[in-house]
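For reference, data30.txt (compact mmCIF, C-alpha atoms):
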```txt
# COMPACT_ATOMS: atom_id res chain seq x y z
CA MET A 1346 -5.79 20.20 -22.26
CA THR A 1347 -5.10 16.96 -20.48
CA ARG A 1348 -2.74 16.50 -17.61
CA VAL A 1349 -0.41 13.50 -17.57
CA VAL A 1350 1.77 12.87 -14.55
CA VAL A 1351 5.10 11.07 -14.59
CA ASP A 1352 6.48 9.92 -11.25
CA VAL A 1353 10.13 8.88 -11.21
CA MET A 1354 11.57 6.93 -8.27
CA LEU A 1355 14.98 5.44 -7.61
CA LYS A 1356 14.97 1.68 -8.01
CA PRO A 1357 14.52 -0.06 -4.65
CA GLU A 1358 18.09 -1.38 -4.59
CA ILE A 1359 19.66 2.07 -5.18
CA LEU A 1360 20.89 3.93 -2.09
CA ASP A 1361 18.97 7.19 -1.58
CA PRO A 1362 21.07 9.38 0.73
CA GLN A 1363 18.56 12.25 0.46
CA GLY A 1364 15.75 10.00 1.70
CA GLN A 1365 18.01 8.82 4.51
CA ALA A 1366 18.77 12.42 5.49
CA ILE A 1367 15.03 13.21 5.61
CA LEU A 1368 14.42 10.12 7.74
CA GLY A 1369 17.18 11.25 10.09
CA ALA A 1370 15.60 14.72 10.34
CA LEU A 1371 12.22 13.17 11.20
CA GLY A 1372 13.86 11.47 14.13
CA ARG A 1373 15.33 14.77 15.32
CA LEU A 1374 11.87 16.38 14.96
CA GLY A 1375 10.52 13.80 17.35
CA ARG A 1376 8.33 12.13 14.71
CA SER A 1377 8.11 8.43 15.32
CA GLY A 1378 6.53 5.64 13.34
CA VAL A 1379 8.31 6.33 10.03
CA ALA A 1380 10.36 3.35 8.87
CA SER A 1381 11.75 4.67 5.58
CA VAL A 1382 11.70 7.68 3.24
CA ARG A 1383 12.52 7.62 -0.46
CA GLN A 1384 12.70 10.82 -2.51
CA GLY A 1385 11.61 10.96 -6.15
CA LYS A 1386 10.52 13.35 -8.89
CA HIS A 1387 6.99 14.30 -9.98
CA PHE A 1388 6.43 15.79 -13.46
CA GLU A 1389 3.08 17.37 -14.41
CA ILE A 1390 2.76 17.48 -18.19
CA GLU A 1391 -0.08 19.36 -19.93
CA LEU A 1392 -0.87 17.95 -23.36
CA ASP A 1393 -2.27 20.20 -26.12
CA GLY A 1394 -4.95 17.64 -26.94
CA GLU A 1395 -6.41 14.43 -25.61
CA ALA A 1396 -4.40 11.72 -23.88
CA ASP A 1397 -5.04 9.30 -26.73
CA PRO A 1398 -2.87 6.21 -27.21
CA ALA A 1399 -0.51 8.02 -29.60
CA ALA A 1400 0.02 10.92 -27.18
CA LEU A 1401 0.50 8.57 -24.25
CA ALA A 1402 3.03 6.55 -26.21
CA GLN A 1403 5.00 9.76 -26.70
CA VAL A 1404 4.89 10.52 -22.97
CA GLU A 1405 6.01 6.97 -22.18
CA GLU A 1406 8.93 7.39 -24.57
CA LEU A 1407 9.82 10.74 -23.00
CA ALA A 1408 9.61 9.25 -19.51
CA ALA A 1409 11.77 6.26 -20.44
CA ASN A 1410 14.49 8.11 -22.34
CA PHE A 1411 14.67 11.58 -20.84
CA LEU A 1412 12.76 12.09 -17.59
CA SER A 1413 14.21 8.93 -16.04
CA ASN A 1414 17.51 7.10 -16.27
CA PRO A 1415 16.77 3.37 -16.67
CA VAL A 1416 20.03 2.47 -14.92
CA ILE A 1417 18.87 3.88 -11.59
CA GLU A 1418 15.19 4.83 -11.84
CA ASP A 1419 11.69 3.45 -12.49
CA PHE A 1420 8.74 5.56 -13.64
CA ILE A 1421 4.93 5.47 -13.67
CA VAL A 1422 2.72 7.45 -16.09
CA THR A 1423 -0.74 8.44 -14.80
CA VAL A 1424 -3.43 10.24 -16.82
CA GLY A 1425 -5.52 12.97 -15.27
CA ALA A 1426 -4.03 12.97 -11.80
CA SER A 1427 -2.22 15.89 -10.23
CA MET B 1062 52.64 16.40 -36.60
CA THR B 1063 50.26 18.47 -34.47
CA VAL B 1064 47.17 16.88 -33.08
CA SER B 1065 44.13 18.88 -32.04
CA VAL B 1066 41.88 18.15 -29.09
CA GLY B 1067 38.50 19.84 -28.70
CA VAL B 1068 36.89 20.87 -25.43
CA VAL B 1069 33.12 21.34 -25.38
CA THR B 1070 31.65 24.29 -23.51
CA PHE B 1071 28.07 23.68 -22.40
CA PRO B 1072 26.03 26.33 -20.57
CA GLY B 1073 27.36 25.85 -17.04
CA SER B 1074 30.70 24.23 -17.87
CA LEU B 1075 33.40 25.31 -15.42
CA ASP B 1076 36.62 23.55 -16.25
CA ASP B 1077 36.77 24.02 -20.01
CA ARG B 1078 39.56 26.62 -19.71
CA ASP B 1079 41.72 24.40 -17.52
CA ALA B 1080 41.17 21.51 -19.94
CA LEU B 1081 42.24 23.67 -22.89
CA ARG B 1082 45.31 24.73 -20.94
CA ALA B 1083 46.19 21.13 -20.07
CA ILE B 1084 45.90 20.13 -23.73
CA ALA B 1085 48.28 22.93 -24.71
CA ALA B 1086 50.69 21.90 -21.95
CA ALA B 1087 50.69 18.38 -23.37
CA GLY B 1088 51.77 19.69 -26.77
CA ALA B 1089 48.48 19.45 -28.66
CA GLU B 1090 46.43 22.22 -30.22
CA PRO B 1091 43.43 23.03 -28.01
CA ILE B 1092 40.18 23.80 -29.87
CA SER B 1093 37.11 25.29 -28.18
CA LEU B 1094 33.87 23.58 -29.20
CA TRP B 1095 30.45 25.08 -28.49
CA HIS B 1096 27.49 22.95 -27.45
CA LYS B 1097 25.53 24.14 -30.50
CA ASP B 1098 28.37 23.51 -32.96
CA PRO B 1099 27.17 21.64 -36.05
CA SER B 1100 30.74 20.39 -36.64
CA LEU B 1101 33.67 19.07 -34.59
CA HIS B 1102 36.08 21.30 -36.59
CA GLY B 1103 38.23 18.32 -37.47
CA VAL B 1104 39.50 17.65 -33.96
CA ASP B 1105 41.31 14.35 -33.32
CA ALA B 1106 39.86 13.86 -29.82
CA VAL B 1107 37.34 15.50 -27.50
CA VAL B 1108 37.26 16.38 -23.81
CA LEU B 1109 33.92 16.91 -22.06
CA PRO B 1110 34.88 19.14 -19.12
CA GLY B 1111 33.68 19.41 -15.55
CA GLY B 1112 31.08 21.82 -14.32
CA PHE B 1113 27.33 22.00 -13.94
CA SER B 1114 25.92 21.83 -17.46
CA TYR B 1115 22.34 23.13 -17.56
CA GLY B 1116 22.52 23.67 -13.82
CA ASP B 1117 22.47 19.90 -13.21
CA TYR B 1118 18.69 20.15 -13.79
CA LEU B 1119 16.76 16.87 -14.19
CA ARG B 1120 19.90 14.76 -13.66
CA CYS B 1121 23.57 15.71 -14.04
CA GLY B 1122 24.42 15.55 -17.74
CA ALA B 1123 20.89 14.53 -18.80
CA ILE B 1124 20.20 17.70 -20.78
CA ALA B 1125 23.72 18.27 -22.11
CA ARG B 1126 23.59 14.79 -23.59
CA PHE B 1127 21.02 16.09 -26.13
CA SER B 1128 23.13 19.08 -27.28
CA PRO B 1129 23.70 19.27 -31.05
CA VAL B 1130 27.45 18.76 -30.65
CA MET B 1131 26.80 15.59 -28.64
CA ASP B 1132 25.13 13.91 -31.64
CA LEU B 1133 28.45 14.25 -33.48
CA ILE B 1134 30.49 13.14 -30.46
CA ILE B 1135 28.29 10.08 -29.82
CA ALA B 1136 28.54 9.03 -33.47
CA GLY B 1137 32.29 9.74 -33.50
CA ALA B 1138 32.92 7.82 -30.28
CA ARG B 1139 31.19 4.77 -31.74
CA ASP B 1140 33.63 5.03 -34.68
CA GLY B 1141 36.66 5.28 -32.39
CA LEU B 1142 37.01 9.02 -31.72
CA PRO B 1143 38.85 9.35 -28.38
CA VAL B 1144 36.62 11.05 -25.80
CA LEU B 1145 37.51 11.89 -22.19
CA GLY B 1146 34.68 12.94 -19.88
CA ILE B 1147 35.81 14.56 -16.65
CA CYS B 1148 33.38 14.85 -13.72
CA ASN B 1149 30.29 16.40 -15.36
CA GLY B 1150 31.69 15.06 -18.63
CA PHE B 1151 31.67 11.53 -17.14
CA GLN B 1152 28.02 12.10 -16.18
CA VAL B 1153 27.25 13.18 -19.76
CA LEU B 1154 28.93 10.04 -21.15
CA CYS B 1155 26.83 7.80 -18.87
CA GLU B 1156 23.64 9.64 -19.79
CA ALA B 1157 24.58 9.25 -23.47
CA HIS B 1158 25.02 5.49 -22.87
CA LEU B 1159 28.60 5.62 -24.16
CA LEU B 1160 29.61 4.27 -20.74
CA PRO B 1161 27.60 1.98 -18.45
CA GLY B 1162 26.30 2.88 -15.00
CA ALA B 1163 25.32 6.22 -13.52
CA LEU B 1164 26.69 8.86 -11.14
CA MET B 1165 24.54 9.70 -8.15
CA ARG B 1166 24.40 11.91 -5.08
CA ASN B 1167 27.39 11.18 -2.84
CA ALA B 1168 26.87 8.93 0.13
CA ARG B 1169 26.71 11.17 3.23
CA LEU B 1170 25.56 14.00 0.89
CA HIS B 1171 28.81 15.97 1.17
CA PHE B 1172 30.23 17.93 -1.73
CA THR B 1173 33.76 16.52 -1.64
CA CYS B 1174 36.77 18.61 -2.61
CA VAL B 1175 40.10 16.91 -1.83
CA ASP B 1176 43.41 15.93 -3.33
CA GLN B 1177 42.65 12.29 -3.93
CA ALA B 1178 45.03 9.35 -4.27
CA LEU B 1179 44.09 7.05 -7.13
CA SER B 1180 45.52 3.92 -8.64
CA ILE B 1181 45.61 3.67 -12.42
CA GLU B 1182 44.16 0.24 -13.13
CA ASN B 1183 44.14 0.30 -16.91
CA ALA B 1184 47.17 1.88 -18.58
CA GLU B 1185 46.17 0.82 -22.09
CA THR B 1186 43.38 3.25 -22.97
CA ALA B 1187 43.90 6.14 -25.37
CA TRP B 1188 43.96 8.45 -22.36
CA THR B 1189 46.12 6.46 -19.90
CA ASN B 1190 48.82 4.79 -22.01
CA GLY B 1191 51.52 7.01 -20.49
CA TYR B 1192 50.98 5.66 -16.96
CA ALA B 1193 52.51 2.53 -15.52
CA GLN B 1194 49.89 -0.07 -14.71
CA GLY B 1195 48.98 0.20 -11.02
CA SER B 1196 50.72 3.53 -10.54
CA ARG B 1197 49.51 5.72 -7.69
CA VAL B 1198 48.71 9.34 -8.53
CA VAL B 1199 47.26 12.34 -6.69
CA ILE B 1200 44.54 14.25 -8.54
CA PRO B 1201 41.83 16.53 -7.08
CA ILE B 1202 38.22 15.51 -6.92
CA LYS B 1203 35.38 18.00 -6.46
CA ASN B 1204 31.89 16.62 -6.81
CA GLY B 1205 28.51 16.36 -5.15
CA GLU B 1206 27.21 13.62 -7.40
CA GLY B 1207 30.19 11.38 -8.03
CA ARG B 1208 29.01 8.08 -6.59
CA PHE B 1209 29.39 5.53 -9.38
CA VAL B 1210 26.64 2.90 -9.41
CA ALA B 1211 25.88 0.03 -11.75
CA SER B 1212 24.29 -3.40 -11.49
CA SER B 1213 26.50 -6.08 -9.99
CA SER B 1214 26.61 -7.87 -13.35
CA THR B 1215 27.84 -4.67 -15.02
CA LEU B 1216 30.44 -4.15 -12.29
CA ASP B 1217 31.62 -7.76 -12.67
CA GLN B 1218 31.88 -7.29 -16.42
CA LEU B 1219 33.84 -4.01 -16.07
CA GLU B 1220 36.31 -5.72 -13.74
CA ALA B 1221 36.60 -8.90 -15.79
CA GLU B 1222 37.32 -6.90 -18.94
CA GLY B 1223 39.82 -4.56 -17.25
CA ARG B 1224 37.61 -1.57 -17.89
CA VAL B 1225 38.05 0.05 -14.48
CA VAL B 1226 40.51 2.82 -15.36
CA ALA B 1227 41.08 4.29 -11.89
CA ARG B 1228 40.12 3.54 -8.29
CA TYR B 1229 40.08 5.66 -5.15
CA VAL B 1230 42.82 4.65 -2.75
CA GLY B 1231 42.66 7.44 -0.19
CA ALA B 1232 43.00 11.15 0.37
CA SER B 1233 46.59 12.26 0.46
CA ALA B 1234 47.18 15.87 1.35
CA PRO B 1235 47.52 16.84 5.02
CA HIS B 1236 44.66 19.36 4.84
CA THR B 1237 42.17 16.76 3.64
CA SER B 1238 40.21 15.45 6.53
CA PRO B 1239 38.77 13.02 7.17
CA ALA B 1240 40.93 10.86 4.94
CA ARG B 1241 38.62 8.46 3.20
CA ALA B 1242 39.79 5.77 0.85
CA ASN B 1243 36.53 6.18 -1.03
CA PRO B 1244 35.30 9.78 -0.92
CA ASN B 1245 31.76 9.39 -2.25
CA GLY B 1246 30.59 5.81 -1.83
CA SER B 1247 31.31 4.75 -5.41
CA MET B 1248 30.73 1.04 -5.90
CA ARG B 1249 33.98 -0.95 -5.75
CA ASP B 1250 35.90 2.35 -5.28
CA ILE B 1251 35.54 3.12 -8.99
CA ALA B 1252 36.80 6.56 -10.03
CA GLY B 1253 36.90 6.00 -13.79
CA ILE B 1254 35.93 3.49 -16.45
CA THR B 1255 36.35 2.92 -20.18
CA ASN B 1256 34.28 1.44 -22.98
CA GLU B 1257 35.07 -1.90 -24.66
CA ARG B 1258 37.25 -0.27 -27.28
CA GLY B 1259 39.22 1.90 -24.84
CA ASN B 1260 38.64 5.17 -26.72
CA VAL B 1261 36.01 6.57 -24.34
CA VAL B 1262 37.06 7.22 -20.74
CA GLY B 1263 34.98 8.73 -17.94
CA LEU B 1264 36.75 10.02 -14.87
CA MET B 1265 35.40 11.70 -11.74
CA PRO B 1266 38.74 13.23 -10.63
CA HIS B 1267 40.08 16.28 -12.47
CA PRO B 1268 43.45 15.64 -14.15
CA GLU B 1269 43.33 19.11 -15.75
CA HIS B 1270 43.73 20.59 -12.24
CA ALA B 1271 46.91 18.58 -11.61
CA ILE B 1272 49.25 19.54 -14.43
CA ASP B 1273 51.53 21.94 -12.58
CA PRO B 1274 52.70 21.84 -8.94
CA LEU B 1275 52.30 25.63 -8.84
CA THR B 1276 48.52 25.38 -9.03
CA GLY B 1277 47.72 21.77 -8.17
CA PRO B 1278 48.78 19.04 -5.77
CA SER B 1279 50.99 17.40 -8.41
CA SER B 1280 51.55 17.22 -12.13
CA ASP B 1281 50.23 13.66 -12.19
CA GLY B 1282 47.19 14.58 -14.28
CA LEU B 1283 49.18 15.81 -17.25
CA THR B 1284 49.77 12.22 -18.34
CA PHE B 1285 46.10 11.87 -19.38
CA PHE B 1286 46.74 14.59 -21.95
CA THR B 1287 50.21 13.47 -23.06
CA SER B 1288 48.77 9.95 -23.41
CA ILE B 1289 46.21 11.06 -25.96
CA VAL B 1290 48.86 12.96 -27.91
CA LYS B 1291 51.00 9.82 -27.99
CA ALA B 1292 48.04 7.66 -29.00
CA LEU B 1293 47.05 10.02 -31.82
CA ILE B 1294 50.57 10.34 -33.19
CA ALA B 1295 50.99 6.55 -33.13
CA ALA B 1296 47.64 6.04 -34.90
```
So, in terms of structure tokens, how does the structure I just supplied come out?
Amino acid sequence: MTRVVVDVMLKPEILDPQGQAILGALGRLGRSGVASVRQGKHFEIELDGEADPAALAQVEELAANFLSNPVIEDFIVTVGAS
Amino acid sequence: MTVSVGVVTFPGSLDDRDALRAIAAAGAEPISLWHKDPSLHGVDAVVLPGGFSYGDYLRCGAIARFSPVMDLIIAGARDGLPVLGICNGFQVLCEAHLLPGALMRNARLHFTCVDQALSIENAETAWTNGYAQGSRVVIPIKNGEGRFVASSSTLDQLEAEGRVVARYVGASAPHTSPARANPNGSMRDIAGITNERGNVVGLMPHPEHAIDPLTGPSSDGLTFFTSIVKALIAA
């Protein structure tokens, strides 16, 4: 089995109120030095076989059309990471 | 002539019963559709109701959009089938790319439940033809992810083409506090939009909860349902 990771993040120009709330909580926890927090999604996908070009193309398609919404989100596919 | 309007029940739909009731109150025959239905049972129009289809997992509406019945609704909508998506239904329509933009977590993160004043900005769609252009109505909203976003070019295009159906113009009832003109941070105060053809409308507020003063803040919402009956009879 091969692990493929898809990370989905809001586009930079999209307001992320959850990230803002986390940033606000950091301030209340007395943590300084954090300028910004953005919250995203992390998908760990186990393939049955190898992460060959055909399998990766399928994951890319899945990431583009289902795991992310192209109107508001960008995604990155990484092989082998966790 | 009797027209029939279907209401889809997805796992997690909440407002399908109220939508069916509103359709009956408007004089049409309400038909329950199931998310796995392989047929639309000959309905003349479809309502996608509010709720939390598939638990709002992944993104609101993202999983419901791939239901078997949605294949038929997407194809039908492209051929002119009138479709009204309310709240979660609006989210499904955006995920299905029948409407542009997306609906995101509310600014300030509050789940907002208020009787909301709206202005009807397009009284020519299949679902709004019974309103006077610019009329002010009071219809409840109840959402956690109702903030409409789209690129500025898409927003400009929606406005230039008159495709903003409704805008937020303030909370109305005395118990709603704080009164916010825009309850969720939606870009340009947009509460509802339509497609180019005017047969598909997405709306964050819930007109099916405002059809009778006994149970809602007004009966202003009933006109969405009488509008579609009028449009179908005229067609």
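Among A:Asp1361, A:Glu1406, A:Asp1419, A:Asp1397, the residue with the shortest atom-to-atom distance to chain B, counting all atoms listed in the file, is A:Asp1361.
Near (12.0, 8.1, 8.8), the residues inside the 9 Å limit, counting all atoms listed in the file, come to Gly1364, Gln1365, Ala1366, Ile1367, Leu1368, Gly1369, Ala1370, Leu1371, Gly1372, Arg1376, Ser1377, Gly1378, Val1379, Ala1380, Ser1381 and Val1382 of chain A.
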First collect every listed atom of region 1181-1200 of chain B; then fit an axis-aligned box around them, widen it by 3 Å on each side, and give centre and edge lengths in Å to one decimal, as AutoDock Vina command-line options.
```
--center_x 47.9 --center_y 7.1 --center_z -16.0 --size_x 15.1 --size_y 20.3 --size_z 24.7
```
Item to complete: Do me a favour and pick out the residues of chain A within 12 Å of chain B, using all atoms listed in the file, as a PyMOL selection string.
Response: chain A and resi 1353+1355-1356+1358-1367+1369+1385-1388+1408+1410-1418
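With distances taken over all atoms listed in the file, B:Asp1132 is the one residue among B:Val1068, B:Ala1125, B:Gly1111, B:Asp1132 lying closest to Pro1099 (chain B).
As for CA of Ala1178 (chain B) and CA of Glu1269 (chain B), they are spaced 15.2 Å apart.
Taking CA of Val1108 (chain B) and CA of Ile1092 (chain B) as endpoints, the distance between them is 10.0 Å.
Between CA of Gly1067 (chain B) and CA of Ala1106 (chain B) the separation is 6.2 Å.
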Item to complete: Within 7 Å of region 1252-1256 of chain B, counting only C-alpha atoms, which residues show up once you throw out same-chain ones fewer than 6 positions away? Write them as a PyMOL selection string, please.
Response: chain B and resi 1160+1224-1229+1262-1266
Practice prompt. Could you give me, as a PyMOL selection string, the residues within 9 Å of Val1404 (chain A), counting all atoms listed in the file and dropping anything in the same chain fewer than 3 positions from it?
Written response: chain A and resi 1349+1351+1390+1399-1401+1407-1409+1422
Discussion item. Which residues are close to Glu1395 (chain A), i.e. within 7 Å by all atoms listed in the file, leaving aside same-chain residues fewer than 2 positions away? Reply as an NGL selection string.
Written reply: :A and (1346-1347 or 1392 or 1397)
Atoms kept (C-alpha atoms) for selection, written as an mmCIF file, in the coordinates of the input:
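Ended up saving to result_16.cif:
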```cif
data_model
loop_
_atom_site.group_PDB
_atom_site.id
_atom_site.type_symbol
_atom_site.label_atom_id
_atom_site.label_comp_id
_atom_site.auth_asym_id
_atom_site.auth_seq_id
_atom_site.Cartn_x
_atom_site.Cartn_y
_atom_site.Cartn_z
ATOM 1 C CA MET A 1346 -5.790 20.200 -22.260
ATOM 2 C CA THR A 1347 -5.100 16.960 -20.480
ATOM 3 C CA LEU A 1392 -0.870 17.950 -23.360
ATOM 4 C CA ASP A 1397 -5.040 9.300 -26.730
#
```
Please determine the residues with any atom at most 12 Å from (29.6, 9.6, -33.1) (coordinates as given in the file, with only C-alpha atoms counting) and report them as an mmCIF file with C-alpha atoms, in the frame of the given file.
```cif
data_model
loop_
_atom_site.group_PDB
_atom_site.id
_atom_site.type_symbol
_atom_site.label_atom_id
_atom_site.label_comp_id
_atom_site.auth_asym_id
_atom_site.auth_seq_id
_atom_site.Cartn_x
_atom_site.Cartn_y
_atom_site.Cartn_z
ATOM 1 C CA SER B 1100 30.740 20.390 -36.640
ATOM 2 C CA LEU B 1101 33.670 19.070 -34.590
ATOM 3 C CA ALA B 1106 39.860 13.860 -29.820
ATOM 4 C CA VAL B 1107 37.340 15.500 -27.500
ATOM 5 C CA PRO B 1129 23.700 19.270 -31.050
ATOM 6 C CA VAL B 1130 27.450 18.760 -30.650
ATOM 7 C CA MET B 1131 26.800 15.590 -28.640
ATOM 8 C CA ASP B 1132 25.130 13.910 -31.640
ATOM 9 C CA LEU B 1133 28.450 14.250 -33.480
ATOM 10 C CA ILE B 1134 30.490 13.140 -30.460
ATOM 11 C CA ILE B 1135 28.290 10.080 -29.820
ATOM 12 C CA ALA B 1136 28.540 9.030 -33.470
ATOM 13 C CA GLY B 1137 32.290 9.740 -33.500
ATOM 14 C CA ALA B 1138 32.920 7.820 -30.280
ATOM 15 C CA ARG B 1139 31.190 4.770 -31.740
ATOM 16 C CA ASP B 1140 33.630 5.030 -34.680
ATOM 17 C CA GLY B 1141 36.660 5.280 -32.390
ATOM 18 C CA LEU B 1142 37.010 9.020 -31.720
ATOM 19 C CA PRO B 1143 38.850 9.350 -28.380
ATOM 20 C CA VAL B 1144 36.620 11.050 -25.800
ATOM 21 C CA LEU B 1154 28.930 10.040 -21.150
ATOM 22 C CA ALA B 1157 24.580 9.250 -23.470
ATOM 23 C CA HIS B 1158 25.020 5.490 -22.870
ATOM 24 C CA LEU B 1159 28.600 5.620 -24.160
ATOM 25 C CA ASN B 1260 38.640 5.170 -26.720
ATOM 26 C CA VAL B 1261 36.010 6.570 -24.340
#
```
Within 9 Å of Asp1079 (chain B), counting only C-alpha atoms, which residues show up once you throw out same-chain ones fewer than 4 positions away? Write them as a PDB file with C-alpha atoms, in the coordinates of the input, please.
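Final output, out17.pdb:
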```
ATOM      1  CA  LEU B1075      33.400  25.310 -15.420  1.00  0.00           C
ATOM      2  CA  ALA B1083      46.190  21.130 -20.070  1.00  0.00           C
ATOM      3  CA  ILE B1084      45.900  20.130 -23.730  1.00  0.00           C
ATOM      4  CA  PRO B1110      34.880  19.140 -19.120  1.00  0.00           C
ATOM      5  CA  GLU B1269      43.330  19.110 -15.750  1.00  0.00           C
ATOM      6  CA  HIS B1270      43.730  20.590 -12.240  1.00  0.00           C
TER       7      HIS B1270
END
```
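Nearest to Tyr1192 (chain B) of all the residues B:Ala1295, B:Ile1289, B:Met1062, B:Val1230 is B:Ile1289, based on all atoms listed in the file.
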